[in-house]
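As structure tokens, the structure follows; a few thoughts come after it.
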Amino acid sequence: MWRQQRPVEKTIGTVIQLHPFQETSLIVQWSTQDHGLIRTVAKGARRPKSGFAGKLDLFFKLEMDFILSRRSALHTLREVALLDPRLGVRGSYVRTLGAAYFTKLIALVVEEGAPLGELGNLLERGLDYLAKESPTRKAIFFFEEETAKMLGLGDRGLKGIGELYGRIPSIRKELLQKVAK
């Protein structure tokens, strides 16, 4: 029986979560402008000589090729090319914590597979900021307020997000304790 080849999708994405999968693979969650939040399996990515070696890490911005799955929400990653490692995010714990908070907040409010639109642009700008600067309370509050506005919550900010989604990411408390005033 002949199988029709599925087309390869190409897009730019930011790695927002990594999970080990089986012995040698990774499940990678991405933030993409074209496809929204998606998950891919990077087969063999944990092998030393993998083509993915050194290219898949949190907050890395990559050009990627993947094959959409017909049966599940887990797609197959084929190739990646590093565009921006955002190494500054790893410059301090508070920067990494800020990046984790921004990605968790966006992941909370966006349905998997739905286009991100302006929320995607906001996340990219936030991560780029954290690659250069340490977060401040003002920057965190700005990110939250912009997220709420883009969701149509007006000036209700984080309170509105909490009411609508039933929670906010728990790491916010630690982040606010660690940032400069």
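Simple scheme: letters A, B, ... for chains in structure tokens order, numbers from 1 for residues in each chain, numbers from 1 for ligands in the order shown.
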Practice task
Find the residues around A:Leu97 up to 12 Å (only C-alpha atoms counted), leave out those fewer than 6 positions away in its own chain, and share them as a PyMOL selection string.
Solution key: chain A and resi 58-59+89-91+103-104+127+130-131+134-136+140+169-179
Problem - Residue contacts of stretch 73-80 of chain A (10 Å, only C-alpha atoms) excluding same-chain residues fewer than 3 positions away, as JSON, numbers by chain - result: {"A": [8, 9, 10, 11, 12, 13, 26, 27, 28, 29, 38, 39, 40, 41, 42, 43, 45, 51, 52, 55, 56, 61, 62, 63, 64, 65, 66, 67, 68, 69, 70, 83, 112, 113]}
Dump C-alpha atoms for the selected residues as a PDB file, in the first residue's frame?
```pdb
ATOM      1  CA  VAL A   8       7.173  19.502   5.905  1.00  0.00           C
ATOM      2  CA  GLU A   9       6.150  22.644   7.777  1.00  0.00           C
ATOM      3  CA  LYS A  10       8.739  25.411   8.213  1.00  0.00           C
ATOM      4  CA  THR A  11       8.526  28.090  10.879  1.00  0.00           C
ATOM      5  CA  ILE A  12      10.462  30.009  13.507  1.00  0.00           C
ATOM      6  CA  GLY A  13       9.923  29.026  17.120  1.00  0.00           C
ATOM      7  CA  LEU A  26      12.995  14.813  23.694  1.00  0.00           C
ATOM      8  CA  ILE A  27       9.552  16.337  23.632  1.00  0.00           C
ATOM      9  CA  VAL A  28       9.955  20.029  22.824  1.00  0.00           C
ATOM     10  CA  GLN A  29       7.205  22.576  23.385  1.00  0.00           C
ATOM     11  CA  ILE A  38       2.990  23.172  19.611  1.00  0.00           C
ATOM     12  CA  ARG A  39       4.820  20.090  20.785  1.00  0.00           C
ATOM     13  CA  THR A  40       7.280  18.073  18.728  1.00  0.00           C
ATOM     14  CA  VAL A  41       9.269  14.940  19.331  1.00  0.00           C
ATOM     15  CA  ALA A  42      12.967  15.267  18.534  1.00  0.00           C
ATOM     16  CA  LYS A  43      13.889  11.643  17.877  1.00  0.00           C
ATOM     17  CA  ALA A  45      18.064  14.276  20.320  1.00  0.00           C
ATOM     18  CA  GLY A  51      21.943  16.580  14.615  1.00  0.00           C
ATOM     19  CA  PHE A  52      20.018  18.336  17.402  1.00  0.00           C
ATOM     20  CA  LYS A  55      20.638  23.305  19.400  1.00  0.00           C
ATOM     21  CA  LEU A  56      17.658  22.528  21.638  1.00  0.00           C
ATOM     22  CA  LYS A  61      15.003  30.843  18.976  1.00  0.00           C
ATOM     23  CA  LEU A  62      15.283  28.467  16.020  1.00  0.00           C
ATOM     24  CA  GLU A  63      14.170  27.961  12.477  1.00  0.00           C
ATOM     25  CA  MET A  64      12.560  24.543  12.398  1.00  0.00           C
ATOM     26  CA  ASP A  65      11.174  21.968  10.003  1.00  0.00           C
ATOM     27  CA  PHE A  66       8.570  19.532  11.314  1.00  0.00           C
ATOM     28  CA  ILE A  67       5.917  17.144  10.067  1.00  0.00           C
ATOM     29  CA  LEU A  68       2.376  17.691  11.351  1.00  0.00           C
ATOM     30  CA  SER A  69       0.855  14.601  12.918  1.00  0.00           C
ATOM     31  CA  ARG A  70      -2.537  13.512  11.669  1.00  0.00           C
ATOM     32  CA  LEU A  83      18.895  31.875  15.158  1.00  0.00           C
ATOM     33  CA  GLU A 112      -2.401  24.821  22.044  1.00  0.00           C
ATOM     34  CA  GLY A 113      -2.250  25.130  18.265  1.00  0.00           C
TER      35      GLY A 113
END
```
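Of the listed residues (A:Thr24, A:Ser50, A:Thr147, A:Thr14), A:Thr14 comes nearest to A:Leu82; the distances count only C-alpha atoms.
Using only C-alpha atoms, the smallest distance between any of A:Trp30, A:Lys138, A:Tyr129, A:Glu23 and A:Arg47 comes from A:Glu23.
Here the DSSP assignment of strand (DSSP E), based on backbone atoms, applies within stretch 62-100 of chain A to Leu62, Glu63, Met64, Asp65, Phe66, Ile67, Leu74, His75, Thr76, Leu77, Arg78, Glu79, Val80, Ala81, Leu82, Leu83 and Asp84 of chain A.
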Store the residues picked out above, limited to all heavy atoms, as a CSV table (one decimal), in the first residue's frame.
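Wrote selection.csv, looks like this:
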```
chain,number,residue,atom,x,y,z
A,62,LEU,N,14.8,29.3,17.1
A,62,LEU,CA,15.3,28.5,16.0
A,62,LEU,C,14.4,28.5,14.8
A,62,LEU,O,13.2,28.7,14.9
A,62,LEU,CB,15.4,27.0,16.5
A,62,LEU,CG,16.3,26.8,17.7
A,62,LEU,CD1,15.5,26.1,18.8
A,62,LEU,CD2,17.5,26.0,17.3
A,63,GLU,N,15.0,28.3,13.7
A,63,GLU,CA,14.2,28.0,12.5
A,63,GLU,C,14.0,26.5,12.5
A,63,GLU,O,15.0,25.7,12.8
A,63,GLU,CB,14.9,28.4,11.2
A,63,GLU,CG,14.1,28.3,10.0
A,63,GLU,CD,14.8,28.9,8.8
A,63,GLU,OE1,16.1,28.9,8.8
A,63,GLU,OE2,14.2,29.4,7.9
A,64,MET,N,12.8,26.0,12.3
A,64,MET,CA,12.6,24.5,12.4
A,64,MET,C,11.7,24.0,11.3
A,64,MET,O,10.9,24.7,10.7
A,64,MET,CB,11.9,24.2,13.7
A,64,MET,CG,10.5,24.9,13.9
A,64,MET,SD,9.9,24.7,15.6
A,64,MET,CE,8.5,23.7,15.3
A,65,ASP,N,12.0,22.7,11.0
A,65,ASP,CA,11.2,22.0,10.0
A,65,ASP,C,10.5,20.8,10.8
A,65,ASP,O,11.2,20.1,11.5
A,65,ASP,CB,12.0,21.4,8.9
A,65,ASP,CG,12.7,22.4,8.0
A,65,ASP,OD1,12.4,23.6,8.1
A,65,ASP,OD2,13.5,22.0,7.2
A,66,PHE,N,9.2,20.6,10.6
A,66,PHE,CA,8.6,19.5,11.3
A,66,PHE,C,7.4,19.0,10.5
A,66,PHE,O,7.0,19.7,9.5
A,66,PHE,CB,8.1,20.0,12.7
A,66,PHE,CG,6.9,21.0,12.7
A,66,PHE,CD1,5.6,20.6,12.9
A,66,PHE,CD2,7.2,22.3,12.4
A,66,PHE,CE1,4.6,21.5,12.9
A,66,PHE,CE2,6.2,23.2,12.4
A,66,PHE,CZ,4.9,22.8,12.6
A,67,ILE,N,7.0,17.8,10.8
A,67,ILE,CA,5.9,17.1,10.1
A,67,ILE,C,4.7,17.1,11.0
A,67,ILE,O,4.8,16.6,12.1
A,67,ILE,CB,6.3,15.7,9.6
A,67,ILE,CG1,7.5,15.8,8.7
A,67,ILE,CG2,5.1,15.0,9.0
A,67,ILE,CD1,8.1,14.4,8.3
A,74,LEU,N,1.3,15.8,18.9
A,74,LEU,CA,2.7,15.6,19.0
A,74,LEU,C,3.3,15.4,17.6
A,74,LEU,O,3.1,14.4,17.0
A,74,LEU,CB,3.1,14.4,19.9
A,74,LEU,CG,4.6,14.3,20.2
A,74,LEU,CD1,5.1,15.5,20.9
A,74,LEU,CD2,4.8,13.0,21.1
A,75,HIS,N,4.0,16.4,17.1
A,75,HIS,CA,4.5,16.4,15.7
A,75,HIS,C,5.9,15.9,15.7
A,75,HIS,O,6.6,15.8,16.8
A,75,HIS,CB,4.3,17.8,15.1
A,75,HIS,CG,3.0,18.4,15.3
A,75,HIS,ND1,1.8,17.9,14.8
A,75,HIS,CD2,2.6,19.4,16.1
A,75,HIS,CE1,0.8,18.6,15.2
A,75,HIS,NE2,1.2,19.5,16.0
A,76,THR,N,6.5,15.7,14.5
A,76,THR,CA,7.8,15.2,14.4
A,76,THR,C,8.8,16.3,14.0
A,76,THR,O,8.6,16.8,12.9
A,76,THR,CB,7.9,14.0,13.4
A,76,THR,OG1,7.0,13.0,13.9
A,76,THR,CG2,9.3,13.4,13.4
A,77,LEU,N,9.8,16.6,14.8
A,77,LEU,CA,10.8,17.6,14.5
A,77,LEU,C,11.8,16.9,13.5
A,77,LEU,O,12.3,15.8,13.8
A,77,LEU,CB,11.5,18.0,15.7
A,77,LEU,CG,12.4,19.2,15.6
A,77,LEU,CD1,11.7,20.5,15.1
A,77,LEU,CD2,13.1,19.5,16.9
A,78,ARG,N,12.1,17.6,12.4
A,78,ARG,CA,13.0,17.1,11.4
A,78,ARG,C,14.4,17.8,11.5
A,78,ARG,O,15.4,17.2,11.5
A,78,ARG,CB,12.5,17.3,10.0
A,78,ARG,CG,11.2,16.5,9.8
A,78,ARG,CD,11.3,15.5,8.7
A,78,ARG,NE,12.3,15.7,7.8
A,78,ARG,CZ,12.2,15.7,6.5
A,78,ARG,NH1,11.1,15.5,5.9
A,78,ARG,NH2,13.3,15.8,5.7
A,79,GLU,N,14.4,19.1,11.5
A,79,GLU,CA,15.6,19.9,11.5
A,79,GLU,C,15.5,21.2,12.2
A,79,GLU,O,14.3,21.7,12.3
A,79,GLU,CB,16.0,20.2,10.0
A,79,GLU,CG,17.0,19.4,9.4
A,79,GLU,CD,17.3,19.9,8.0
A,79,GLU,OE1,18.1,20.9,7.9
A,79,GLU,OE2,16.8,19.4,7.0
A,80,VAL,N,16.6,21.7,12.7
A,80,VAL,CA,16.5,23.0,13.4
A,80,VAL,C,17.8,23.8,13.0
A,80,VAL,O,18.8,23.2,12.7
A,80,VAL,CB,16.4,23.0,14.9
A,80,VAL,CG1,15.1,22.4,15.3
A,80,VAL,CG2,17.6,22.2,15.5
A,81,ALA,N,17.7,25.1,13.0
A,81,ALA,CA,18.8,26.0,12.7
A,81,ALA,C,18.8,27.1,13.8
A,81,ALA,O,17.7,27.8,13.9
A,81,ALA,CB,18.8,26.6,11.3
A,82,LEU,N,19.8,27.2,14.5
A,82,LEU,CA,19.8,28.2,15.6
A,82,LEU,C,19.9,29.6,15.1
A,82,LEU,O,20.7,30.0,14.3
A,82,LEU,CB,21.1,27.9,16.5
A,82,LEU,CG,21.2,28.8,17.8
A,82,LEU,CD1,20.0,28.6,18.7
A,82,LEU,CD2,22.5,28.4,18.5
A,83,LEU,N,18.9,30.5,15.5
A,83,LEU,CA,18.9,31.9,15.2
A,83,LEU,C,19.4,32.8,16.3
A,83,LEU,O,20.1,33.7,16.1
A,83,LEU,CB,17.5,32.3,14.8
A,83,LEU,CG,16.8,31.6,13.6
A,83,LEU,CD1,15.4,32.0,13.4
A,83,LEU,CD2,17.7,31.8,12.3
A,84,ASP,N,19.0,32.5,17.5
A,84,ASP,CA,19.4,33.3,18.7
A,84,ASP,C,19.3,32.4,19.9
A,84,ASP,O,18.2,32.1,20.4
A,84,ASP,CB,18.4,34.5,18.8
A,84,ASP,CG,18.9,35.5,19.9
A,84,ASP,OD1,19.9,35.2,20.6
A,84,ASP,OD2,18.2,36.5,20.1
```
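If only C-alpha atoms are the atoms counted, then among A:Arg86, A:His19, A:Arg6, A:Arg95 the closest residue to A:Phe60 is A:Arg86.
Distances to A:Glu146 were evaluated for A:Ala100, A:Ile161, A:Val94, A:Val15 using only C-alpha atoms, and the minimum falls at A:Ile161.
Among the candidate residues A:Arg137, A:Val110, A:Ala148, A:Leu119, the one lying nearest to A:Gly160 is A:Ala148, with distances computed using only C-alpha atoms.
Minimum atom-to-atom distances from A:Leu87, A:Asp128, A:Arg167, A:Ser72 to A:Leu105 were compared using only C-alpha atoms, and the lowest value belongs to A:Arg167.
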What lies within 12 Å of A:Leu164 using only C-alpha atoms, ignoring chain neighbours under 3 positions off, as an mmCIF file with C-alpha atoms, in the first residue's frame?
```cif
data_model
loop_
_atom_site.group_PDB
_atom_site.id
_atom_site.type_symbol
_atom_site.label_atom_id
_atom_site.label_comp_id
_atom_site.auth_asym_id
_atom_site.auth_seq_id
_atom_site.Cartn_x
_atom_site.Cartn_y
_atom_site.Cartn_z
ATOM 1 C CA LEU A 108 -1.638 29.505 30.476
ATOM 2 C CA VAL A 109 -3.706 31.903 28.367
ATOM 3 C CA ALA A 148 -4.394 41.230 29.868
ATOM 4 C CA LEU A 151 -6.886 39.124 25.968
ATOM 5 C CA GLY A 152 -9.550 41.841 26.024
ATOM 6 C CA LEU A 153 -9.457 42.220 29.806
ATOM 7 C CA ARG A 156 -7.891 44.390 34.933
ATOM 8 C CA GLY A 157 -4.325 43.093 34.538
ATOM 9 C CA LEU A 158 -3.189 40.022 36.401
ATOM 10 C CA LYS A 159 -6.331 39.973 38.539
ATOM 11 C CA GLY A 160 -8.419 39.576 35.396
ATOM 12 C CA ILE A 161 -6.157 36.793 34.121
ATOM 13 C CA ARG A 167 -4.802 30.748 38.539
ATOM 14 C CA ILE A 168 -1.563 32.465 37.681
#
```
Problem - Within 7 Å of A:Leu116 using only C-alpha atoms, minus same-chain residues under 3 positions, as a ChimeraX atom specification - result: /A:33,36,119-120
Got time to write the residues from that selection, all heavy atoms, as a PDB file, in the first residue's frame?
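Everything below was put into again_31.pdb:
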```
ATOM      1  N   GLN A  33       4.822  31.708  15.869  1.00  0.00           N
ATOM      2  CA  GLN A  33       3.858  32.692  15.390  1.00  0.00           C
ATOM      3  C   GLN A  33       2.818  32.026  14.489  1.00  0.00           C
ATOM      4  O   GLN A  33       1.636  32.314  14.602  1.00  0.00           O
ATOM      5  CB  GLN A  33       4.617  33.793  14.644  1.00  0.00           C
ATOM      6  CG  GLN A  33       3.954  35.128  14.599  1.00  0.00           C
ATOM      7  CD  GLN A  33       3.544  35.719  15.944  1.00  0.00           C
ATOM      8  OE1 GLN A  33       4.065  35.403  17.006  1.00  0.00           O
ATOM      9  NE2 GLN A  33       2.564  36.572  15.910  1.00  0.00           N
ATOM     10  N   GLY A  36       1.175  28.669  16.735  1.00  0.00           N
ATOM     11  CA  GLY A  36       0.878  28.817  18.158  1.00  0.00           C
ATOM     12  C   GLY A  36       1.798  27.964  19.013  1.00  0.00           C
ATOM     13  O   GLY A  36       2.961  27.746  18.679  1.00  0.00           O
ATOM     14  N   LEU A 119       0.296  38.223  21.211  1.00  0.00           N
ATOM     15  CA  LEU A 119       0.860  37.578  22.403  1.00  0.00           C
ATOM     16  C   LEU A 119       2.212  36.949  22.084  1.00  0.00           C
ATOM     17  O   LEU A 119       3.121  36.963  22.906  1.00  0.00           O
ATOM     18  CB  LEU A 119      -0.103  36.526  22.964  1.00  0.00           C
ATOM     19  CG  LEU A 119      -1.336  37.074  23.678  1.00  0.00           C
ATOM     20  CD1 LEU A 119      -2.337  35.953  23.948  1.00  0.00           C
ATOM     21  CD2 LEU A 119      -0.957  37.772  24.965  1.00  0.00           C
ATOM     22  N   GLY A 120       2.353  36.411  20.892  1.00  0.00           N
ATOM     23  CA  GLY A 120       3.635  35.844  20.462  1.00  0.00           C
ATOM     24  C   GLY A 120       4.701  36.914  20.347  1.00  0.00           C
ATOM     25  O   GLY A 120       5.847  36.718  20.767  1.00  0.00           O
TER      26      GLY A 120
END
```
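One distance worth recording is that between atom CA of A:Phe143 and atom CA of A:Leu122, which is 7.6 Å.
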